[in-house]
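Heads up: the structure comes next, in structure tokens.
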There are 2 protein chains.
Amino acid sequence: MAAKALTSDQLLHVAERFKALAEPSRLDILQALKAGERNVGEILEKTGLGQANVSKHLRVLHAAGFVERRKEGVSTYYRLADNDVFRLCELMCGRLEKEAHTRKKLFA
Amino acid sequence: MAAKALTSDQLLHVAERFKALAEPSRLDILQALKAGERNVGEILEKTGLGQANVSKHLRVLHAAGFVERRKEGVSTYYRLADNDVFRLCELMCGRLEKEAHTRKKLFA
DNA sequence: AGACTCGATAACCATATAGTCATATATACA
DNA sequence: TGTATATATGACTATATGGTTATCGAGTCT
């Protein structure tokens with residue numbers, strides 16, 4: 001249980017991964033991939049973001065290991081690397097819900 | 001299981017929480033609190049960060065609901081709000097370890 | 001080859017924020 | 001009351017990064 005303290009180098013790496021999830025646009029992209037593999041054009045449609053913008057976000061997500069990609073002809077298909085993204089988001093959402101609940105009780 | 005898609009407003013809130021964890025210094029502070037309640041001076045010592053800097057980081061962590069505080073005399077004691085931080089970090093660390101393992105295999 | 005499409009990249013700007021220094025606020029104590 | 005200590009806050013700078021526009025490169029089709 002009691003994990004060892006992380007070195008400053010390890011903290012840097014962990015922080016970098018969290019940073020990849022610390023952008024609404026990137027979370028939106030990940031959501032778009034939840035249903036399955038999508039190419040960039042489909043992600044553009046689904047999210048309404050700009051093309052260059054999405055391309056950069058995908059690069060960040062790929063560098064952080066949250067998505068994998070596959071080229072097919074002229075297009076690139078992206079997919080979630082695993083389900084950790086949702087475990088992480090569900091934990092965060094759980095916190096938000098708990099908080100909302102507390103707020104509601106305060107004002108009840 | 002299949003959580004509904006989040007609204008852009010919800011994405012913003014989730015991203016904000018991740019952003020609070022997306023800084024090595026803040027992760028370090030959270031680590032310092034793992035063993036239990038600490039006042040700001042003790043956190044300064046433990047982390048080696050500047051006073052004003054730590055104070056601002058603590059404000060962010062508190063706003064995000066990761067830490068709670070208690071004033072006692074002239075000092076303020078901070079503690080972890082719950083164990084979610086470690087669940088989140090352990091998930092991230094697990095990813096890093098898996099990745100390191102894959103890299104090792106590639107170079108083996 | 002030439003035209004077209006998809007996606008990545010570079011240049012640029014605007015904004016956000018980590019870090020620092022100086023100062024303010026609040027409590028304790030002589 | 002005056003002084004010292006602990007923490008918070010404001011001002012400022014340097015850096016990082018999200019978004020946009022323009023351009024590039026690769027693959028496809030005629």
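We name chains A, B, ... following the order of the structure tokens; residues begin at 1 in each chain, and ligands are numbered from 1 as shown.
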The coordinates of chain A, once least-squares superposed on chain B over all sequentially paired C-alpha atoms, should be supplied as a compact mmCIF listing (two decimals) with N, CA and C atoms, in the first residue's frame.
# COMPACT_ATOMS: atom_id res chain seq x y z
N MET A 1 -22.25 1.43 -16.37
CA MET A 1 -20.89 1.57 -16.91
C MET A 1 -20.79 2.75 -17.86
N ALA A 2 -21.56 2.67 -18.96
CA ALA A 2 -21.43 3.67 -20.01
C ALA A 2 -21.87 5.06 -19.53
N ALA A 3 -20.94 5.79 -18.92
CA ALA A 3 -21.26 7.13 -18.43
C ALA A 3 -21.68 8.02 -19.59
N LYS A 4 -22.60 8.91 -19.31
CA LYS A 4 -23.07 9.85 -20.33
C LYS A 4 -21.94 10.80 -20.73
N ALA A 5 -22.05 11.32 -21.92
CA ALA A 5 -21.08 12.33 -22.35
C ALA A 5 -21.20 13.55 -21.46
N LEU A 6 -20.09 14.15 -21.17
CA LEU A 6 -20.10 15.33 -20.31
C LEU A 6 -20.34 16.59 -21.13
N THR A 7 -21.04 17.53 -20.54
CA THR A 7 -21.23 18.82 -21.19
C THR A 7 -19.91 19.58 -21.16
N SER A 8 -19.82 20.62 -21.98
CA SER A 8 -18.57 21.37 -22.05
C SER A 8 -18.29 22.03 -20.70
N ASP A 9 -19.34 22.33 -20.00
CA ASP A 9 -19.17 22.92 -18.67
C ASP A 9 -18.56 21.89 -17.71
N GLN A 10 -19.05 20.68 -17.79
CA GLN A 10 -18.51 19.63 -16.93
C GLN A 10 -17.07 19.31 -17.30
N LEU A 11 -16.79 19.29 -18.60
CA LEU A 11 -15.41 19.06 -19.04
C LEU A 11 -14.48 20.10 -18.43
N LEU A 12 -14.96 21.33 -18.38
CA LEU A 12 -14.16 22.41 -17.83
C LEU A 12 -13.82 22.14 -16.37
N HIS A 13 -14.82 21.69 -15.63
CA HIS A 13 -14.58 21.42 -14.21
C HIS A 13 -13.63 20.25 -14.00
N VAL A 14 -13.82 19.20 -14.78
CA VAL A 14 -12.94 18.04 -14.65
C VAL A 14 -11.52 18.44 -15.00
N ALA A 15 -11.38 19.18 -16.09
CA ALA A 15 -10.04 19.61 -16.53
C ALA A 15 -9.36 20.43 -15.44
N GLU A 16 -10.15 21.25 -14.78
CA GLU A 16 -9.60 22.10 -13.72
C GLU A 16 -9.02 21.26 -12.60
N ARG A 17 -9.70 20.16 -12.26
CA ARG A 17 -9.21 19.28 -11.20
C ARG A 17 -7.91 18.61 -11.63
N PHE A 18 -7.90 18.16 -12.87
CA PHE A 18 -6.65 17.54 -13.37
C PHE A 18 -5.52 18.57 -13.36
N LYS A 19 -5.87 19.81 -13.69
CA LYS A 19 -4.84 20.85 -13.73
C LYS A 19 -4.19 21.02 -12.37
N ALA A 20 -4.98 20.86 -11.33
CA ALA A 20 -4.42 21.00 -9.99
C ALA A 20 -3.35 19.96 -9.72
N LEU A 21 -3.47 18.82 -10.38
CA LEU A 21 -2.50 17.73 -10.18
C LEU A 21 -1.40 17.76 -11.24
N ALA A 22 -1.46 18.73 -12.11
CA ALA A 22 -0.55 18.74 -13.27
C ALA A 22 0.70 19.56 -13.01
N GLU A 23 1.11 19.66 -11.76
CA GLU A 23 2.30 20.43 -11.39
C GLU A 23 3.16 19.62 -10.43
N PRO A 24 4.40 19.40 -10.77
CA PRO A 24 5.29 18.62 -9.90
C PRO A 24 5.33 19.18 -8.49
N SER A 25 5.38 20.48 -8.35
CA SER A 25 5.45 21.06 -7.01
C SER A 25 4.22 20.71 -6.19
N ARG A 26 3.06 20.75 -6.83
CA ARG A 26 1.84 20.44 -6.08
C ARG A 26 1.79 18.96 -5.72
N LEU A 27 2.24 18.12 -6.61
CA LEU A 27 2.29 16.69 -6.29
C LEU A 27 3.23 16.46 -5.12
N ASP A 28 4.31 17.22 -5.11
CA ASP A 28 5.27 17.08 -4.03
C ASP A 28 4.64 17.49 -2.70
N ILE A 29 3.87 18.56 -2.73
CA ILE A 29 3.18 19.00 -1.52
C ILE A 29 2.21 17.93 -1.04
N LEU A 30 1.48 17.35 -1.97
CA LEU A 30 0.53 16.30 -1.59
C LEU A 30 1.26 15.12 -0.98
N GLN A 31 2.41 14.81 -1.55
CA GLN A 31 3.23 13.74 -0.99
C GLN A 31 3.63 14.05 0.45
N ALA A 32 3.96 15.32 0.68
CA ALA A 32 4.37 15.74 2.02
C ALA A 32 3.24 15.57 3.01
N LEU A 33 2.00 15.63 2.50
CA LEU A 33 0.84 15.51 3.39
C LEU A 33 0.40 14.06 3.56
N LYS A 34 1.04 13.18 2.84
CA LYS A 34 0.60 11.78 2.88
C LYS A 34 0.71 11.22 4.29
N ALA A 35 1.78 11.60 4.99
CA ALA A 35 2.01 11.05 6.32
C ALA A 35 1.07 11.65 7.36
N GLY A 36 0.42 12.75 7.00
CA GLY A 36 -0.51 13.36 7.94
C GLY A 36 -0.47 14.88 7.86
N GLU A 37 -1.25 15.47 8.71
CA GLU A 37 -1.41 16.92 8.75
C GLU A 37 -0.06 17.63 8.94
N ARG A 38 0.11 18.75 8.25
CA ARG A 38 1.33 19.53 8.36
C ARG A 38 0.97 21.01 8.27
N ASN A 39 1.71 21.85 8.98
CA ASN A 39 1.50 23.28 8.77
C ASN A 39 2.41 23.75 7.64
N VAL A 40 2.21 25.01 7.24
CA VAL A 40 2.91 25.50 6.05
C VAL A 40 4.41 25.46 6.22
N GLY A 41 4.88 25.83 7.40
CA GLY A 41 6.32 25.80 7.66
C GLY A 41 6.91 24.43 7.44
N GLU A 42 6.19 23.41 7.91
CA GLU A 42 6.68 22.04 7.74
C GLU A 42 6.70 21.64 6.27
N ILE A 43 5.71 22.12 5.54
CA ILE A 43 5.66 21.82 4.11
C ILE A 43 6.83 22.49 3.39
N LEU A 44 7.13 23.71 3.79
CA LEU A 44 8.28 24.42 3.22
C LEU A 44 9.54 23.60 3.38
N GLU A 45 9.75 23.15 4.62
CA GLU A 45 10.94 22.36 4.93
C GLU A 45 11.00 21.10 4.09
N LYS A 46 9.89 20.41 4.09
CA LYS A 46 9.82 19.10 3.43
C LYS A 46 10.04 19.21 1.91
N THR A 47 9.55 20.30 1.32
CA THR A 47 9.59 20.41 -0.14
C THR A 47 10.74 21.28 -0.65
N GLY A 48 11.20 22.21 0.20
CA GLY A 48 12.25 23.12 -0.25
C GLY A 48 11.75 24.22 -1.18
N LEU A 49 10.44 24.38 -1.27
CA LEU A 49 9.89 25.43 -2.12
C LEU A 49 9.81 26.75 -1.37
N GLY A 50 9.58 27.84 -2.10
CA GLY A 50 9.46 29.16 -1.47
C GLY A 50 8.14 29.32 -0.76
N GLN A 51 8.10 30.22 0.21
CA GLN A 51 6.90 30.37 1.05
C GLN A 51 5.69 30.85 0.25
N ALA A 52 5.86 31.93 -0.49
CA ALA A 52 4.73 32.47 -1.26
C ALA A 52 4.25 31.45 -2.29
N ASN A 53 5.22 30.78 -2.85
CA ASN A 53 4.92 29.76 -3.85
C ASN A 53 4.05 28.65 -3.26
N VAL A 54 4.47 28.13 -2.13
CA VAL A 54 3.70 27.07 -1.48
C VAL A 54 2.30 27.55 -1.12
N SER A 55 2.23 28.77 -0.65
CA SER A 55 0.94 29.32 -0.25
C SER A 55 -0.02 29.33 -1.44
N LYS A 56 0.49 29.72 -2.59
CA LYS A 56 -0.36 29.74 -3.78
C LYS A 56 -0.75 28.33 -4.22
N HIS A 57 0.20 27.43 -4.16
CA HIS A 57 -0.12 26.06 -4.54
C HIS A 57 -1.17 25.47 -3.61
N LEU A 58 -1.05 25.78 -2.33
CA LEU A 58 -2.03 25.25 -1.38
C LEU A 58 -3.41 25.81 -1.67
N ARG A 59 -3.44 27.04 -2.12
CA ARG A 59 -4.73 27.64 -2.44
C ARG A 59 -5.38 26.88 -3.61
N VAL A 60 -4.56 26.56 -4.61
CA VAL A 60 -5.08 25.82 -5.76
C VAL A 60 -5.59 24.45 -5.32
N LEU A 61 -4.79 23.77 -4.52
CA LEU A 61 -5.18 22.43 -4.07
C LEU A 61 -6.45 22.47 -3.22
N HIS A 62 -6.57 23.53 -2.44
CA HIS A 62 -7.76 23.66 -1.61
C HIS A 62 -8.98 23.95 -2.46
N ALA A 63 -8.80 24.84 -3.43
CA ALA A 63 -9.92 25.18 -4.32
C ALA A 63 -10.38 23.94 -5.09
N ALA A 64 -9.44 23.06 -5.41
CA ALA A 64 -9.79 21.85 -6.16
C ALA A 64 -10.31 20.76 -5.24
N GLY A 65 -10.30 21.03 -3.93
CA GLY A 65 -10.88 20.09 -2.98
C GLY A 65 -9.98 18.94 -2.60
N PHE A 66 -8.69 19.04 -2.91
CA PHE A 66 -7.79 17.93 -2.57
C PHE A 66 -7.26 18.04 -1.16
N VAL A 67 -7.23 19.24 -0.60
CA VAL A 67 -6.77 19.40 0.78
C VAL A 67 -7.78 20.21 1.58
N GLU A 68 -7.77 19.97 2.88
CA GLU A 68 -8.58 20.77 3.79
C GLU A 68 -7.63 21.47 4.76
N ARG A 69 -8.14 22.52 5.43
CA ARG A 69 -7.23 23.25 6.31
C ARG A 69 -7.89 23.60 7.63
N ARG A 70 -7.04 23.94 8.57
CA ARG A 70 -7.48 24.20 9.92
C ARG A 70 -6.49 25.20 10.50
N LYS A 71 -7.03 26.29 11.03
CA LYS A 71 -6.15 27.29 11.62
C LYS A 71 -5.95 26.97 13.09
N GLU A 72 -4.73 27.10 13.52
CA GLU A 72 -4.45 26.92 14.94
C GLU A 72 -3.45 27.99 15.34
N GLY A 73 -3.94 28.94 16.12
CA GLY A 73 -3.08 30.06 16.46
C GLY A 73 -2.66 30.78 15.20
N VAL A 74 -1.36 30.95 15.07
CA VAL A 74 -0.85 31.72 13.93
C VAL A 74 -0.56 30.83 12.73
N SER A 75 -0.65 29.54 12.90
CA SER A 75 -0.30 28.69 11.76
C SER A 75 -1.52 27.98 11.18
N THR A 76 -1.37 27.51 9.96
CA THR A 76 -2.44 26.81 9.26
C THR A 76 -2.00 25.39 8.98
N TYR A 77 -2.83 24.45 9.36
CA TYR A 77 -2.52 23.04 9.13
C TYR A 77 -3.33 22.52 7.95
N TYR A 78 -2.62 21.88 7.05
CA TYR A 78 -3.27 21.30 5.88
C TYR A 78 -3.24 19.78 5.97
N ARG A 79 -4.29 19.17 5.42
CA ARG A 79 -4.33 17.71 5.36
C ARG A 79 -5.04 17.30 4.07
N LEU A 80 -4.82 16.06 3.66
CA LEU A 80 -5.49 15.54 2.47
C LEU A 80 -6.98 15.41 2.75
N ALA A 81 -7.79 15.76 1.76
CA ALA A 81 -9.23 15.68 1.94
C ALA A 81 -9.69 14.23 1.94
N ASP A 82 -9.03 13.40 1.16
CA ASP A 82 -9.37 11.98 1.09
C ASP A 82 -8.24 11.24 0.38
N ASN A 83 -8.48 10.00 0.01
CA ASN A 83 -7.41 9.21 -0.60
C ASN A 83 -7.45 9.18 -2.12
N ASP A 84 -8.37 9.94 -2.70
CA ASP A 84 -8.49 9.93 -4.16
C ASP A 84 -7.19 10.32 -4.83
N VAL A 85 -6.49 11.27 -4.23
CA VAL A 85 -5.23 11.72 -4.82
C VAL A 85 -4.33 10.52 -5.10
N PHE A 86 -4.27 9.61 -4.16
CA PHE A 86 -3.35 8.49 -4.33
C PHE A 86 -3.89 7.46 -5.30
N ARG A 87 -5.19 7.32 -5.32
CA ARG A 87 -5.76 6.43 -6.33
C ARG A 87 -5.41 6.97 -7.71
N LEU A 88 -5.58 8.28 -7.87
CA LEU A 88 -5.28 8.89 -9.16
C LEU A 88 -3.80 8.75 -9.52
N CYS A 89 -2.95 9.04 -8.55
CA CYS A 89 -1.51 8.97 -8.82
C CYS A 89 -1.07 7.54 -9.07
N GLU A 90 -1.67 6.61 -8.33
CA GLU A 90 -1.27 5.23 -8.55
C GLU A 90 -1.66 4.75 -9.93
N LEU A 91 -2.81 5.20 -10.39
CA LEU A 91 -3.20 4.85 -11.76
C LEU A 91 -2.16 5.38 -12.75
N MET A 92 -1.79 6.64 -12.56
CA MET A 92 -0.81 7.25 -13.46
C MET A 92 0.53 6.54 -13.36
N CYS A 93 0.95 6.26 -12.15
CA CYS A 93 2.23 5.59 -11.97
C CYS A 93 2.21 4.21 -12.59
N GLY A 94 1.09 3.54 -12.48
CA GLY A 94 0.94 2.23 -13.10
C GLY A 94 1.17 2.32 -14.59
N ARG A 95 0.63 3.36 -15.19
CA ARG A 95 0.82 3.56 -16.62
C ARG A 95 2.30 3.75 -16.94
N LEU A 96 2.95 4.57 -16.13
CA LEU A 96 4.37 4.83 -16.38
C LEU A 96 5.21 3.57 -16.26
N GLU A 97 4.87 2.77 -15.25
CA GLU A 97 5.62 1.52 -15.07
C GLU A 97 5.42 0.58 -16.25
N LYS A 98 4.17 0.47 -16.67
CA LYS A 98 3.87 -0.40 -17.79
C LYS A 98 4.69 0.04 -19.02
N GLU A 99 4.73 1.36 -19.17
CA GLU A 99 5.44 1.94 -20.30
C GLU A 99 6.93 1.67 -20.21
N ALA A 100 7.47 1.85 -19.02
CA ALA A 100 8.90 1.59 -18.81
C ALA A 100 9.22 0.14 -19.13
N HIS A 101 8.31 -0.73 -18.73
CA HIS A 101 8.48 -2.15 -18.97
C HIS A 101 8.52 -2.43 -20.48
N THR A 102 7.60 -1.80 -21.20
CA THR A 102 7.56 -1.98 -22.65
C THR A 102 8.85 -1.50 -23.29
N ARG A 103 9.31 -0.34 -22.82
CA ARG A 103 10.56 0.21 -23.36
C ARG A 103 11.71 -0.75 -23.12
N LYS A 104 11.74 -1.30 -21.91
CA LYS A 104 12.83 -2.21 -21.58
C LYS A 104 12.81 -3.42 -22.53
N LYS A 105 11.59 -3.93 -22.78
CA LYS A 105 11.48 -5.08 -23.67
C LYS A 105 11.94 -4.74 -25.08
N LEU A 106 11.65 -3.53 -25.51
CA LEU A 106 12.05 -3.11 -26.85
C LEU A 106 13.57 -3.11 -26.99
N PHE A 107 14.26 -2.73 -25.93
CA PHE A 107 15.72 -2.60 -26.00
C PHE A 107 16.44 -3.86 -25.51
N ALA A 108 15.66 -4.84 -25.10
CA ALA A 108 16.29 -6.05 -24.55
C ALA A 108 17.02 -6.83 -25.64
>> Near chain B, meaning an atom within 9 Å, which residues of chain D appear when counting only C-alpha atoms (C1' of nucleotides)? Write them as a ChimeraX atom specification.
In response: /D:5-9
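Proximity to chain B at a cut-off of 12 Å picks out C:DA16, C:DT17, C:DA18, C:DG19, C:DT20, C:DC21, C:DA22, C:DT23, C:DT25, C:DA26, C:DT27, C:DA28 on chain C, counting only C-alpha atoms (C1' of nucleotides).
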DSSP on the backbone, strand (DSSP E or B) only: what residues of chain A does that give? Format it as an mmCIF file with C-alpha atoms, in the first residue's frame.
data_model
loop_
_atom_site.group_PDB
_atom_site.id
_atom_site.type_symbol
_atom_site.label_atom_id
_atom_site.label_comp_id
_atom_site.auth_asym_id
_atom_site.auth_seq_id
_atom_site.Cartn_x
_atom_site.Cartn_y
_atom_site.Cartn_z
ATOM 1 C CA ARG A 38 -12.059 7.635 -35.375
ATOM 2 C CA ASN A 39 -10.026 9.467 -37.974
ATOM 3 C CA VAL A 67 -4.182 7.253 -27.569
ATOM 4 C CA GLU A 68 -2.677 5.080 -30.266
ATOM 5 C CA ARG A 69 -2.803 5.680 -33.997
ATOM 6 C CA ARG A 70 -2.889 3.868 -37.264
ATOM 7 C CA LYS A 71 -2.438 5.270 -40.733
ATOM 8 C CA GLU A 72 -4.734 4.100 -43.455
ATOM 9 C CA SER A 75 -6.093 9.440 -43.067
ATOM 10 C CA THR A 76 -5.001 8.667 -39.522
ATOM 11 C CA TYR A 77 -7.182 6.705 -37.142
ATOM 12 C CA TYR A 78 -6.903 7.296 -33.438
ATOM 13 C CA ARG A 79 -8.133 5.073 -30.638
ATOM 14 C CA LEU A 80 -7.874 4.971 -26.853
#
